[in-house]
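Taking it in order: structure first as structure tokens, then the write-up.
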Amino acid sequence: MSDYLRNWLTLVVFGGVAVLLVGTFLGLGSLLRPSRQTTQKMVAYESGVDPQGDMWSQSNIRYYVFALMFVLFDVEAVFIFPWATRLEVYDVFGLVEMAIFIFILALGLFYAWRKGLLRWI
Amino acid sequence: MSSTILAIELAYWQQTGLRALLGIVAVLLPAGTLVYLFLFKMMSFMQSRLGPMEAGPYGSLQLLAEVGKFLQKEDLIPAAADRVVFKLAPFVVLISTFLLVLVIPAGPDLWFIDIDTGIFLALAVSSISVIGILMAGWASANKYSLIGGLRAAGQLVAYELPLVLAVMGVVIQAGTLNVQGIVMAQASGEIFGWGGIGNPFILTQFVGFAIFLVAVQAELTQPPFDMPVAESELVTGYLTEYSGLRFLMFFIGEFATAGIFSALAATMFLGGWYVPGLDPTDNLFNVIGPLVLIGKMVLVAFLIFWFRFTYPRFREDQLQQLAWKFLIPLSLVNIVATGVLKVVF
């Protein structure tokens, strides 16, 4: 197997190690801890008051606009990374190109700002 | 780790086993160090008290006592909870932590993974923990948990961007995404032709370093960015229904991630395992590299925890405004300025 693929195999191994470690901890705990469960203990904690209504109540997700903007800028980051590593080769040409790219994106951010989308209502 | 380490030849499975063992140490050791050194002791001294003193000399065995305590706690899962997702959530958070520790090199031949997209991988896997937190918040079937989970998601999404964009300045300067390459670029760098101490990027990327630390603070949901677990509003947010060992898993995940992010900041801005005055390819660094890295990590972690114990909590809208109206434009300016300076000089 090539070194490149072995590196990624290490990544898989580490994921496995994490699962194994947590599993071992929790398994060990189940051997040691007491278990005297009553229905009262299984009630959701709402500051000592009996829970009211549906637990998965609808709540106002205020930041779907933020989530959209996040996707926008995250894609931008993906474009900037390769440019950043090769800037020495592209020199002034690359700099001007990226300046235009970032300017347009900053314009988008500024537009959202002026529209009041960045306000947490 | 390359195939020879300190003149010992290792087969691939031996390397992998060693890596897995060292990985566990690299996750648990910083977590324990940070909790004892900062959360127990520094916080106490800042508040004019002694902190734990009973278990071991100066309370140094308090951590073991805490683990012993958590081991004995009853495991409670609310009747209304989504049991499968509830149990899976701590696994997802710890997987994110373990994958994050992969990218940090501790010496010229001491690395877990050596790929050309190292920093990019770190940023990608660090956001897996958001899924774990959302899972915990949703599966608990508790209104506090749900609101805490949603707040955490909103916060992590907002601060992911400054984090990514702050790293960009370092990448431009080093010209590579490979973490080992970034360390080497700092070790062999020169400040206006003077190479005495290399070129730690904190000197040229100080703005990036500051943005990175603020974003890390928010990613860790530590005060002053701890609205997701704000105890006066949401009990403990997405952790409300977790007790005993499952809670401990989240706790370890948080502090291990704090340590690893500190190590990452130390690697990118303070020169990582390198100390000035020696040849960066020297075999000596395979021995002292980890110690140097831990020293620098503790230094950066000190800054993070200093903020944590000093500032009061932000309001939710202030948090989003800080990210979108200040940090992101600032980091964009930082990228352009770094690019211009790189081309000019």
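Please note that chains go A, B, ... in the order of the structure tokens, that every chain numbers its residues from 1, and that ligands are numbered from 1 in the order shown.
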
(Q) Can you tell me which residues surround Leu21 in chain A at a distance of at most 10 Å, considering only C-alpha atoms, apart from same-chain residues fewer than 6 positions away, and format the answer as a list in words? (A) Gly27 of chain A; Ile24, Phe91, Leu94, Ile95 and Met249 of chain B

Q) Near Gly59 in chain B, within 10 Å and counting only C-alpha atoms, which residues show up once chain neighbours fewer than 5 positions away are dropped, as a PyMOL selection string? A) chain B and resi 36+40-41+50-54+65

What's around Asp74 in chain A at 7 Å? Count only C-alpha atoms, leave out sequence neighbours fewer than 4 positions away in its own chain, and write the answer as an mmCIF file with C-alpha atoms, in the first residue's frame.
```cif
data_model
loop_
_atom_site.group_PDB
_atom_site.id
_atom_site.type_symbol
_atom_site.label_atom_id
_atom_site.label_comp_id
_atom_site.auth_asym_id
_atom_site.auth_seq_id
_atom_site.Cartn_x
_atom_site.Cartn_y
_atom_site.Cartn_z
ATOM 1 C CA PHE A 70 -21.803 30.348 5.956
ATOM 2 C CA VAL A 78 -12.142 26.246 -0.524
ATOM 3 C CA LEU B 161 -15.334 31.152 9.096
#
```

Q.
as a PyMOL selection string, could you give me every residue of chain A near chain B (at most 8 Å apart, counting only C-alpha atoms)?
A. chain A and resi 4+7-8+10-11+13-15+17-19+22+25-26+29+32-37+39+41-47+55-57+59+61+63+66-67+70+73-74+77+80-81+84-88+91-92+95+99+102+106+113+118-121

Q: Could you tell me how far CA of Val292 in chain B lies from CA of Ala185 in chain B, in Å and to one decimal?
A: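 Result for CA of Val292 in chain B versus CA of Ala185 in chain B: 17.4 Å, one decimal.
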
Q. Which neighbours of range 263-276 of chain B fall inside 8 Å, counting only C-alpha atoms, when residues of the same chain fewer than 2 positions from it are skipped, and could you give them as a ChimeraX atom specification?
A. /B:104-107,170,179,182-183,186-187,196-202,205,209,212-213,259-261,278,280,285,288-294,296-297,300

Q) With only C-alpha atoms as the atoms that count, which of B:Leu10, B:Met184, B:Ile133, B:Met42 lies nearest to Leu303 in chain B? A)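 Closest to Leu303 in chain B, using only C-alpha atoms: B:Met42.
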